[in-house]
Amino acid sequence: MPSKLPYGSWPSTISAHDVAAGTKPLGGASFHGQNVIVQEGRPAEGGRITLVSYPLDSQEEPTELISKPYNVRSRVHEYGGASWKLVTGRLQDAIVFSNFADQRVYLQQLGQVTPIALTPDSMSDGNPQLRFAEFIDGPNRTVLAIMEDLRAEPVRHIVQIPLDGSAGQDATRIRVLTAPARFVAAPRLSPSGTMLAWISWEHPNMPWDGTKLHLAEVSGNGQLEDTVIAGAEDISIMQPEWVDENRIAYLSDESGWWNPYIHQVSSARATRLVDRAAEFAGPLWQVGSAWYVLEDQRTLLCSYGTGTTKLARVHALTGGLEDLPLPFTRVRPLQVRDGWLLAGTSSMTDGEQITLVNLDTLEHRPVAGSIARLPDPAMLPQVEEFECANEVGQAVHALLYRPRQEGLTGLDGELPPFVTFVHGGPTAQAAATLNATIAYYTSRGIGVVDVNYGGSTGYGRDYRNRLRGQWGVVDVADTVSVIKALVARGIADPARIGIEGGSAGGWTVLSALTSSEVFSAGISRYGVADLVALVQDTHDFESQYMFSLVGPYPEAADLYEKRAPINHVSKISCPVLLLQGDEDLVVPPAQSQVVADALAARGIPHAYILFAGEQHGFRQSENIISALESSLAFYGQIFGFETDAPAIELS
């Protein structure tokens, strides 16, 4: 018989240190001879990102390729992505990368210590004015990339950078290929190098609202003249890839779902390869995001699904789709070589990994894992796809993680406390995978429900568009509906319901606390509180995001004031924990400070913790540990159970 202990007070072997120090974010990966190069984060080094080479056929130790102080991280569109490239051709043992501190592009010859700067120093008042990302091989010992130019009104181009270092002191040696656009992504050269494809979009659109696919002939030395071949203001095109000299594959949500298409250059005709109510793409928060790879000129290997994702082979000529059964909750194809797929995978037992998959036998083996030491399986939760109806009868999706530790259960008649996770974005998606933070809670007897409210991706354009003009309304109502359903079904203790989220998730937390009384405690991590301040003082990529989520500004200024939690703090009646980075440019610390001051003025129990050296999202291991332990201690103090976390002081 299992032992009975109060929910929330179960002793767990999963510590906050395990969550932080034992977890390293994984990015892209690439084959390199008999090795695989993997992008890895280093929480213990202030969140520095590096590249590590893993041998495939030996027991040799992995080798770090980019040494301190270099940090392989781009700031294009502020969220970066695609910050490195293994250079092929004559420089097969070199890597091009963007360095976070100065945003210059460097060439690192493998085996050498010091990289060579390929772009000039563009620092002004401590900020780089030129930023680069999404490198691809170019002709004549060059690479092509996105260049973000902030020297005047922000614009982006596709540019050509010589690999000989001649542009390291002279920006004029960087050839600008495309006309200025507010945003660009996904540059792709045809196999012969004579045609260039890319996508662009303009304010007020975000890339999931509408993008355009451009095609241009590469000739001469001047700016290319292009033709738009797909996309519109209300059609989102993602990830163009050349199948051969005459065919371009891409993903479009023209049907209401991101599905794969083929465009024939010679006939200017597009064909939809798959007609399914399933997403074959996601939101382009980071440039370089990819959802499929070419297996050959006949087939694509695609990730698709709604909640979880599958891997499928899509036939580029017939449009047939063949599922490849693999034991993963998420699959992200990265590269194909000699019948092997290199993929980013997730599962409920192993977490995020870089995995090799044999495309004939479906044999698979990990190359690198995000979690250095996997938790005891007895401590891990199971995931359930949860669905309920909101107040107007629409379906709302969530992932449910009940408290779980083998050998333990709650006291007789006791319902468990629950923490509601609200993802950021808000155009994003909670995904089913081994999440060490969730296991940190559930192994202690605290349930977690991760809500995919209306506006989340993964469920089609209509579901995504439910948040248009309704941010702070639909997300809150859907989240409250999930909690009411959990309580009605006897799953959660109605008197002990927490809610937490970061960034846009923090906005939903604060909005929910000011408009609902179903929550007993709330934690906002760098959460948006003041819409006017956000729309007036945020980076270019999101500067008009609010136009679709709330309304045009300043025309809808009254609505911005009405929705902002900062103007309704007097309605918060439960304790609040505020966690904030002091260098956050997306949501400046002033927003959290105003909330803290208002809570103090009303005598609402709260704590405000400001983390030095952190930006929008915590990357330093000591701060990740402190934030998680503070969260657990906060819930313990409010919900009345003992924890192993150091107590925090509530004002």
# chains A, B, ... in the order shown; residues from 1 in each chain; ligands from 1

$ residues_around --residues "Gly551 (chain A)" --least-positions-apart "4" --cutoff "12 Å" --atoms "only C-alpha atoms" --output "list in words"
Pro204, Leu467, Arg468, Gly469, Gln470, Trp471, Leu531, Val532, Val535, Gln544, Tyr545, Met546, Phe547, Glu555, Ala556, Ala557, Asp558, Leu559, Tyr560, Glu561 and Arg563 of chain A

$ residues_around --residues "Gln591 (chain A)" --least-positions-apart "4" --cutoff "10 Å" --atoms "only C-alpha atoms" --output "mmCIF file with N, CA and C atoms, in the first residue's frame"
data_model
loop_
_atom_site.group_PDB
_atom_site.id
_atom_site.type_symbol
_atom_site.label_atom_id
_atom_site.label_comp_id
_atom_site.auth_asym_id
_atom_site.auth_seq_id
_atom_site.Cartn_x
_atom_site.Cartn_y
_atom_site.Cartn_z
ATOM 1 N N TYR A 526 8.590 38.170 -15.333
ATOM 2 C CA TYR A 526 8.765 39.219 -16.351
ATOM 3 C C TYR A 526 7.495 39.391 -17.185
ATOM 4 N N GLY A 527 6.354 39.485 -16.483
ATOM 5 C CA GLY A 527 5.064 39.534 -17.153
ATOM 6 C C GLY A 527 4.690 40.928 -17.621
ATOM 7 N N VAL A 528 4.016 40.981 -18.758
ATOM 8 C CA VAL A 528 3.512 42.241 -19.295
ATOM 9 C C VAL A 528 2.390 42.742 -18.381
ATOM 10 N N ALA A 529 2.502 43.982 -17.922
ATOM 11 C CA ALA A 529 1.471 44.557 -17.066
ATOM 12 C C ALA A 529 0.889 45.840 -17.645
ATOM 13 N N ASP A 530 1.698 46.573 -18.403
ATOM 14 C CA ASP A 530 1.296 47.873 -18.928
ATOM 15 C C ASP A 530 1.363 47.835 -20.450
ATOM 16 N N LEU A 531 0.199 47.793 -21.106
ATOM 17 C CA LEU A 531 0.174 47.685 -22.563
ATOM 18 C C LEU A 531 0.699 48.937 -23.239
ATOM 19 N N ALA A 533 2.929 51.082 -22.111
ATOM 20 C CA ALA A 533 4.385 51.080 -21.997
ATOM 21 C C ALA A 533 4.997 50.051 -22.935
ATOM 22 N N LEU A 534 4.335 48.898 -23.076
ATOM 23 C CA LEU A 534 4.866 47.852 -23.950
ATOM 24 C C LEU A 534 4.876 48.302 -25.401
ATOM 25 N N ILE A 566 -2.067 46.540 -14.928
ATOM 26 C CA ILE A 566 -1.443 47.548 -14.081
ATOM 27 C C ILE A 566 -2.459 48.567 -13.578
ATOM 28 N N GLN A 580 11.729 38.985 -11.993
ATOM 29 C CA GLN A 580 12.050 39.909 -13.080
ATOM 30 C C GLN A 580 13.553 40.002 -13.292
ATOM 31 N N VAL A 587 10.157 43.374 -21.642
ATOM 32 C CA VAL A 587 9.263 43.844 -20.577
ATOM 33 C C VAL A 587 10.160 44.486 -19.514
ATOM 34 N N VAL A 595 3.541 47.088 -10.303
ATOM 35 C CA VAL A 595 2.634 46.101 -9.715
ATOM 36 C C VAL A 595 2.983 45.870 -8.251
ATOM 37 N N ALA A 596 4.282 45.716 -7.967
ATOM 38 C CA ALA A 596 4.713 45.499 -6.582
ATOM 39 C C ALA A 596 4.314 46.666 -5.692
#

$ residues_around --residues "Gly445 (chain A)" --least-positions-apart "3" --cutoff "8 Å" --atoms "only C-alpha atoms" --output "PDB file with all heavy atoms, in the first residue's frame"
ATOM      1  N   PRO A   6       0.545  14.557   3.061  1.00  0.00           N
ATOM      2  CA  PRO A   6      -0.188  15.694   2.499  1.00  0.00           C
ATOM      3  C   PRO A   6       0.368  16.078   1.129  1.00  0.00           C
ATOM      4  O   PRO A   6       1.593  16.105   0.926  1.00  0.00           O
ATOM      5  CB  PRO A   6       0.037  16.805   3.527  1.00  0.00           C
ATOM      6  CG  PRO A   6       0.363  16.097   4.795  1.00  0.00           C
ATOM      7  CD  PRO A   6       1.111  14.865   4.395  1.00  0.00           C
ATOM      8  N   TYR A   7      -0.526  16.344   0.195  1.00  0.00           N
ATOM      9  CA  TYR A   7      -0.093  16.817  -1.116  1.00  0.00           C
ATOM     10  C   TYR A   7       0.760  18.081  -0.957  1.00  0.00           C
ATOM     11  O   TYR A   7       0.469  18.946  -0.138  1.00  0.00           O
ATOM     12  CB  TYR A   7      -1.302  17.135  -1.993  1.00  0.00           C
ATOM     13  CG  TYR A   7      -2.016  15.924  -2.545  1.00  0.00           C
ATOM     14  CD1 TYR A   7      -3.341  15.665  -2.192  1.00  0.00           C
ATOM     15  CD2 TYR A   7      -1.373  15.063  -3.427  1.00  0.00           C
ATOM     16  CE1 TYR A   7      -4.014  14.571  -2.712  1.00  0.00           C
ATOM     17  CE2 TYR A   7      -2.040  13.964  -3.952  1.00  0.00           C
ATOM     18  CZ  TYR A   7      -3.353  13.714  -3.592  1.00  0.00           C
ATOM     19  OH  TYR A   7      -4.011  12.624  -4.100  1.00  0.00           O
ATOM     20  N   GLY A   8       1.818  18.162  -1.747  1.00  0.00           N
ATOM     21  CA  GLY A   8       2.716  19.311  -1.711  1.00  0.00           C
ATOM     22  C   GLY A   8       3.921  19.102  -0.828  1.00  0.00           C
ATOM     23  O   GLY A   8       4.940  19.785  -1.000  1.00  0.00           O
ATOM     24  N   SER A   9       3.832  18.163   0.117  1.00  0.00           N
ATOM     25  CA  SER A   9       4.922  17.966   1.077  1.00  0.00           C
ATOM     26  C   SER A   9       5.703  16.683   0.829  1.00  0.00           C
ATOM     27  O   SER A   9       6.523  16.293   1.651  1.00  0.00           O
ATOM     28  CB  SER A   9       4.355  17.954   2.501  1.00  0.00           C
ATOM     29  OG  SER A   9       3.484  16.851   2.675  1.00  0.00           O
ATOM     30  N   TRP A  10       5.449  16.013  -0.301  1.00  0.00           N
ATOM     31  CA  TRP A  10       6.169  14.773  -0.564  1.00  0.00           C
ATOM     32  C   TRP A  10       7.665  15.045  -0.748  1.00  0.00           C
ATOM     33  O   TRP A  10       8.046  15.966  -1.488  1.00  0.00           O
ATOM     34  CB  TRP A  10       5.639  14.113  -1.838  1.00  0.00           C
ATOM     35  CG  TRP A  10       4.186  13.741  -1.804  1.00  0.00           C
ATOM     36  CD1 TRP A  10       3.336  13.797  -0.737  1.00  0.00           C
ATOM     37  CD2 TRP A  10       3.415  13.263  -2.908  1.00  0.00           C
ATOM     38  NE1 TRP A  10       2.082  13.377  -1.101  1.00  0.00           N
ATOM     39  CE2 TRP A  10       2.091  13.038  -2.435  1.00  0.00           C
ATOM     40  CE3 TRP A  10       3.695  12.987  -4.243  1.00  0.00           C
ATOM     41  CZ2 TRP A  10       1.073  12.573  -3.250  1.00  0.00           C
ATOM     42  CZ3 TRP A  10       2.689  12.522  -5.066  1.00  0.00           C
ATOM     43  CH2 TRP A  10       1.389  12.305  -4.571  1.00  0.00           C
ATOM     44  N   PRO A 403      -0.386  14.887  -9.754  1.00  0.00           N
ATOM     45  CA  PRO A 403       0.716  14.572  -8.833  1.00  0.00           C
ATOM     46  C   PRO A 403       1.076  13.094  -8.945  1.00  0.00           C
ATOM     47  O   PRO A 403       0.190  12.238  -9.013  1.00  0.00           O
ATOM     48  CB  PRO A 403       0.129  14.884  -7.455  1.00  0.00           C
ATOM     49  CG  PRO A 403      -0.996  15.817  -7.712  1.00  0.00           C
ATOM     50  CD  PRO A 403      -1.541  15.450  -9.054  1.00  0.00           C
ATOM     51  N   ARG A 404       2.371  12.809  -8.980  1.00  0.00           N
ATOM     52  CA  ARG A 404       2.764  11.400  -9.096  1.00  0.00           C
ATOM     53  C   ARG A 404       4.143  11.178  -8.488  1.00  0.00           C
ATOM     54  O   ARG A 404       5.101  11.886  -8.814  1.00  0.00           O
ATOM     55  CB  ARG A 404       2.782  10.934 -10.546  1.00  0.00           C
ATOM     56  CG  ARG A 404       3.177   9.458 -10.680  1.00  0.00           C
ATOM     57  CD  ARG A 404       3.222   8.995 -12.126  1.00  0.00           C
ATOM     58  NE  ARG A 404       3.581   7.586 -12.202  1.00  0.00           N
ATOM     59  CZ  ARG A 404       4.831   7.125 -12.253  1.00  0.00           C
ATOM     60  NH1 ARG A 404       5.856   7.974 -12.252  1.00  0.00           N
ATOM     61  NH2 ARG A 404       5.075   5.827 -12.310  1.00  0.00           N
ATOM     62  N   GLN A 405       4.205  10.216  -7.601  1.00  0.00           N
ATOM     63  CA  GLN A 405       5.456   9.631  -7.117  1.00  0.00           C
ATOM     64  C   GLN A 405       5.115   8.228  -6.648  1.00  0.00           C
ATOM     65  O   GLN A 405       4.218   8.051  -5.819  1.00  0.00           O
ATOM     66  CB  GLN A 405       6.070  10.432  -5.968  1.00  0.00           C
ATOM     67  CG  GLN A 405       7.424   9.895  -5.553  1.00  0.00           C
ATOM     68  CD  GLN A 405       8.048  10.629  -4.379  1.00  0.00           C
ATOM     69  OE1 GLN A 405       8.733  10.018  -3.566  1.00  0.00           O
ATOM     70  NE2 GLN A 405       7.815  11.930  -4.281  1.00  0.00           N
ATOM     71  N   THR A 409       0.800   8.788  -1.935  1.00  0.00           N
ATOM     72  CA  THR A 409      -0.491   9.348  -2.312  1.00  0.00           C
ATOM     73  C   THR A 409      -0.875  10.376  -1.264  1.00  0.00           C
ATOM     74  O   THR A 409      -0.232  10.497  -0.207  1.00  0.00           O
ATOM     75  CB  THR A 409      -1.565   8.250  -2.422  1.00  0.00           C
ATOM     76  OG1 THR A 409      -2.755   8.821  -2.968  1.00  0.00           O
ATOM     77  CG2 THR A 409      -1.877   7.653  -1.054  1.00  0.00           C
ATOM     78  N   GLY A 410      -1.912  11.153  -1.559  1.00  0.00           N
ATOM     79  CA  GLY A 410      -2.354  12.164  -0.613  1.00  0.00           C
ATOM     80  C   GLY A 410      -3.151  11.573   0.527  1.00  0.00           C
ATOM     81  O   GLY A 410      -3.430  10.363   0.580  1.00  0.00           O
ATOM     82  N   PRO A 416      -5.560  17.446  -4.444  1.00  0.00           N
ATOM     83  CA  PRO A 416      -4.246  18.090  -4.557  1.00  0.00           C
ATOM     84  C   PRO A 416      -4.339  19.549  -4.962  1.00  0.00           C
ATOM     85  O   PRO A 416      -5.258  19.960  -5.681  1.00  0.00           O
ATOM     86  CB  PRO A 416      -3.557  17.279  -5.661  1.00  0.00           C
ATOM     87  CG  PRO A 416      -4.667  16.746  -6.493  1.00  0.00           C
ATOM     88  CD  PRO A 416      -5.802  16.484  -5.543  1.00  0.00           C
ATOM     89  N   PRO A 417      -3.373  20.358  -4.514  1.00  0.00           N
ATOM     90  CA  PRO A 417      -3.235  21.705  -5.077  1.00  0.00           C
ATOM     91  C   PRO A 417      -2.784  21.596  -6.529  1.00  0.00           C
ATOM     92  O   PRO A 417      -2.126  20.617  -6.918  1.00  0.00           O
ATOM     93  CB  PRO A 417      -2.157  22.339  -4.200  1.00  0.00           C
ATOM     94  CG  PRO A 417      -1.351  21.190  -3.694  1.00  0.00           C
ATOM     95  CD  PRO A 417      -2.311  20.043  -3.552  1.00  0.00           C
ATOM     96  N   TYR A 441       7.391  19.941  -9.455  1.00  0.00           N
ATOM     97  CA  TYR A 441       6.132  20.125  -8.734  1.00  0.00           C
ATOM     98  C   TYR A 441       5.398  18.804  -8.505  1.00  0.00           C
ATOM     99  O   TYR A 441       5.005  18.476  -7.381  1.00  0.00           O
ATOM    100  CB  TYR A 441       5.221  21.070  -9.518  1.00  0.00           C
ATOM    101  CG  TYR A 441       5.587  22.530  -9.455  1.00  0.00           C
ATOM    102  CD1 TYR A 441       5.498  23.335 -10.586  1.00  0.00           C
ATOM    103  CD2 TYR A 441       5.987  23.120  -8.267  1.00  0.00           C
ATOM    104  CE1 TYR A 441       5.811  24.686 -10.543  1.00  0.00           C
ATOM    105  CE2 TYR A 441       6.305  24.473  -8.208  1.00  0.00           C
ATOM    106  CZ  TYR A 441       6.213  25.255  -9.351  1.00  0.00           C
ATOM    107  OH  TYR A 441       6.519  26.592  -9.297  1.00  0.00           O
ATOM    108  N   THR A 442       5.170  18.032  -9.569  1.00  0.00           N
ATOM    109  CA  THR A 442       4.312  16.846  -9.451  1.00  0.00           C
ATOM    110  C   THR A 442       4.901  15.797  -8.528  1.00  0.00           C
ATOM    111  O   THR A 442       4.167  15.066  -7.855  1.00  0.00           O
ATOM    112  CB  THR A 442       4.037  16.236 -10.838  1.00  0.00           C
ATOM    113  OG1 THR A 442       5.279  15.905 -11.474  1.00  0.00           O
ATOM    114  CG2 THR A 442       3.252  17.203 -11.714  1.00  0.00           C
TER     115      THR A 442
END

$ residues_around --residues "Phe183 (chain A)" --least-positions-apart "6" --cutoff "8 Å" --atoms "only C-alpha atoms" --output "PDB file with N, CA, C and O atoms, in the first residue's frame"
ATOM      1  N   HIS A  77      15.740  40.136 -35.028  1.00  0.00           N
ATOM      2  CA  HIS A  77      14.337  40.122 -34.589  1.00  0.00           C
ATOM      3  C   HIS A  77      14.242  39.972 -33.070  1.00  0.00           C
ATOM      4  O   HIS A  77      13.218  39.569 -32.547  1.00  0.00           O
ATOM      5  N   VAL A 155      15.542  48.092 -40.764  1.00  0.00           N
ATOM      6  CA  VAL A 155      15.239  47.349 -41.987  1.00  0.00           C
ATOM      7  C   VAL A 155      16.062  46.067 -41.978  1.00  0.00           C
ATOM      8  O   VAL A 155      17.049  45.945 -41.255  1.00  0.00           O
ATOM      9  N   ARG A 156      15.646  45.121 -42.804  1.00  0.00           N
ATOM     10  CA  ARG A 156      16.378  43.866 -42.944  1.00  0.00           C
ATOM     11  C   ARG A 156      16.586  43.578 -44.425  1.00  0.00           C
ATOM     12  O   ARG A 156      15.737  43.903 -45.264  1.00  0.00           O
ATOM     13  N   HIS A 157      17.707  42.957 -44.719  1.00  0.00           N
ATOM     14  CA  HIS A 157      18.063  42.549 -46.077  1.00  0.00           C
ATOM     15  C   HIS A 157      18.603  41.123 -46.045  1.00  0.00           C
ATOM     16  O   HIS A 157      19.019  40.633 -44.993  1.00  0.00           O
ATOM     17  N   SER A 200       9.289  37.530 -46.575  1.00  0.00           N
ATOM     18  CA  SER A 200       9.309  38.833 -45.910  1.00  0.00           C
ATOM     19  C   SER A 200       7.921  39.141 -45.375  1.00  0.00           C
ATOM     20  O   SER A 200       6.922  38.532 -45.777  1.00  0.00           O
ATOM     21  N   TRP A 201       7.852  40.100 -44.459  1.00  0.00           N
ATOM     22  CA  TRP A 201       6.570  40.614 -43.986  1.00  0.00           C
ATOM     23  C   TRP A 201       6.781  42.022 -43.463  1.00  0.00           C
ATOM     24  O   TRP A 201       7.905  42.446 -43.201  1.00  0.00           O
ATOM     25  N   GLU A 202       5.702  42.757 -43.367  1.00  0.00           N
ATOM     26  CA  GLU A 202       5.747  44.146 -42.959  1.00  0.00           C
ATOM     27  C   GLU A 202       4.843  44.370 -41.754  1.00  0.00           C
ATOM     28  O   GLU A 202       3.902  43.621 -41.515  1.00  0.00           O
TER      29      GLU A 202
END

$ residues_around --residues "Asp234 (chain A)" --least-positions-apart "6" --cutoff "10 Å" --atoms "only C-alpha atoms" --output "JSON, numbers by chain"
{"A": [205, 207, 208, 209, 210, 211, 212, 253, 254]}

$ closest_residue --among "A:Asp226, A:Asp164, A:Asp125, A:Asp412" --to "Arg141 (chain A)" --atoms "only C-alpha atoms"
A:Asp164

$ residues_around --residues "Arg489 (chain A)" --least-positions-apart "6" --cutoff "12 Å" --atoms "only C-alpha atoms" --output "NGL selection string"
:A and (386 or 388 or 415 or 482-483)

$ closest_residue --among "A:Pro494, A:Pro375, A:Gly407, A:Pro366" --to "Ala439 (chain A)" --atoms "only C-alpha atoms"
A:Pro375

$ select_by_dssp --residues "region 308-500 of chain A" --states "helix (DSSP H, G or I)" --output "PyMOL selection string"
chain A and resi 377-379+436-442+461-465+474-488

$ residues_around --residues "Asp493 (chain A)" --least-positions-apart "2" --cutoff "12 Å" --atoms "only C-alpha atoms" --output "mmCIF file with C-alpha atoms, in the first residue's frame"
data_model
loop_
_atom_site.group_PDB
_atom_site.id
_atom_site.type_symbol
_atom_site.label_atom_id
_atom_site.label_comp_id
_atom_site.auth_asym_id
_atom_site.auth_seq_id
_atom_site.Cartn_x
_atom_site.Cartn_y
_atom_site.Cartn_z
ATOM 1 C CA TYR A 7 -0.093 16.817 -1.116
ATOM 2 C CA GLY A 8 2.716 19.311 -1.711
ATOM 3 C CA GLY A 410 -2.354 12.164 -0.613
ATOM 4 C CA GLY A 413 -10.336 12.921 1.327
ATOM 5 C CA GLU A 414 -7.681 15.421 0.254
ATOM 6 C CA LEU A 415 -7.619 16.908 -3.249
ATOM 7 C CA PRO A 416 -4.246 18.090 -4.557
ATOM 8 C CA PRO A 417 -3.235 21.705 -5.077
ATOM 9 C CA PHE A 418 -2.744 22.583 -8.734
ATOM 10 C CA VAL A 419 -0.535 25.064 -10.553
ATOM 11 C CA ILE A 446 1.397 19.362 -6.721
ATOM 12 C CA GLY A 447 -0.606 18.946 -9.924
ATOM 13 C CA ILE A 483 -9.662 25.254 -13.927
ATOM 14 C CA LYS A 484 -13.424 25.126 -13.457
ATOM 15 C CA ALA A 485 -13.491 21.846 -15.398
ATOM 16 C CA LEU A 486 -10.718 20.367 -13.222
ATOM 17 C CA VAL A 487 -12.595 21.337 -10.079
ATOM 18 C CA ALA A 488 -15.938 20.092 -11.426
ATOM 19 C CA ARG A 489 -14.378 16.725 -12.268
ATOM 20 C CA GLY A 490 -12.925 16.376 -8.770
ATOM 21 C CA ILE A 491 -9.308 16.582 -9.910
ATOM 22 C CA ALA A 495 -9.062 26.368 -2.499
ATOM 23 C CA ARG A 496 -5.469 25.770 -3.670
ATOM 24 C CA ILE A 497 -5.153 26.823 -7.304
ATOM 25 C CA GLY A 498 -2.036 28.680 -8.436
ATOM 26 C CA VAL A 518 -10.666 31.079 -8.978
ATOM 27 C CA PHE A 519 -6.934 31.426 -8.228
ATOM 28 C CA SER A 520 -5.454 31.391 -4.738
ATOM 29 C CA PHE A 639 -1.327 26.657 0.413
#

$ closest_residue --among "A:Thr355, A:Thr13, A:Ser347, A:Ser266" --to "Thr309 (chain A)" --atoms "only C-alpha atoms"
A:Ser347

$ decode --residues "region 571-636 of chain A" --atoms "C-alpha atoms" --output "compact mmCIF listing (two decimals), in the first residue's frame"
# COMPACT_ATOMS: atom_id res chain seq x y z
CA LYS A 571 -8.83 43.96 -7.85
CA ILE A 572 -6.13 41.42 -6.93
CA SER A 573 -7.05 39.74 -3.69
CA CYS A 574 -4.57 36.83 -3.53
CA PRO A 575 -0.80 36.75 -2.88
CA VAL A 576 1.53 37.39 -5.83
CA LEU A 577 5.21 36.60 -6.51
CA LEU A 578 6.96 38.78 -9.12
CA LEU A 579 10.19 37.53 -10.74
CA GLN A 580 12.05 39.91 -13.08
CA GLY A 581 15.39 40.36 -14.89
CA ASP A 582 17.01 43.77 -14.48
CA GLU A 583 18.22 43.92 -18.12
CA ASP A 584 14.91 42.97 -19.73
CA LEU A 585 14.27 45.10 -22.84
CA VAL A 586 11.09 43.28 -23.88
CA VAL A 587 9.26 43.84 -20.58
CA PRO A 588 11.24 46.46 -18.63
CA PRO A 589 11.52 46.02 -14.83
CA ALA A 590 9.49 49.18 -14.30
CA GLN A 591 6.32 47.22 -15.10
CA SER A 592 6.88 44.68 -12.33
CA GLN A 593 7.86 47.45 -9.93
CA VAL A 594 4.58 49.29 -10.47
CA VAL A 595 2.63 46.10 -9.71
CA ALA A 596 4.71 45.50 -6.58
CA ASP A 597 4.14 49.07 -5.40
CA ALA A 598 0.38 48.77 -5.96
CA LEU A 599 0.21 45.46 -4.08
CA ALA A 600 2.18 46.99 -1.22
CA ALA A 601 -0.17 49.98 -1.09
CA ARG A 602 -3.14 47.64 -0.72
CA GLY A 603 -1.46 45.34 1.78
CA ILE A 604 -1.63 42.27 -0.49
CA PRO A 605 1.03 39.69 0.50
CA HIS A 606 3.67 39.67 -2.22
CA ALA A 607 7.36 39.39 -3.01
CA TYR A 608 9.33 41.07 -5.82
CA ILE A 609 12.67 39.47 -6.74
CA LEU A 610 14.89 41.29 -9.26
CA PHE A 611 17.66 39.17 -10.83
CA ALA A 612 20.84 40.96 -11.87
CA GLY A 613 22.20 40.29 -15.35
CA GLU A 614 19.06 38.59 -16.64
CA GLN A 615 17.14 39.62 -19.72
CA HIS A 616 13.80 38.35 -21.03
CA GLY A 617 13.96 34.83 -19.65
CA PHE A 618 16.36 33.45 -17.05
CA ARG A 619 19.53 31.79 -18.34
CA GLN A 620 21.90 31.82 -15.37
CA SER A 621 21.73 28.65 -13.32
CA GLU A 622 21.84 30.35 -9.94
CA ASN A 623 18.88 32.50 -10.91
CA ILE A 624 16.94 29.57 -12.34
CA ILE A 625 17.47 27.73 -9.04
CA SER A 626 16.47 30.74 -6.96
CA ALA A 627 13.34 31.43 -9.04
CA LEU A 628 12.14 27.83 -8.82
CA GLU A 629 12.82 27.43 -5.11
CA SER A 630 11.14 30.76 -4.42
CA SER A 631 8.10 29.61 -6.37
CA LEU A 632 7.81 26.37 -4.41
CA ALA A 633 8.30 28.17 -1.09
CA PHE A 634 5.65 30.71 -2.11
CA TYR A 635 3.07 28.01 -2.85
CA GLY A 636 3.93 26.19 0.37
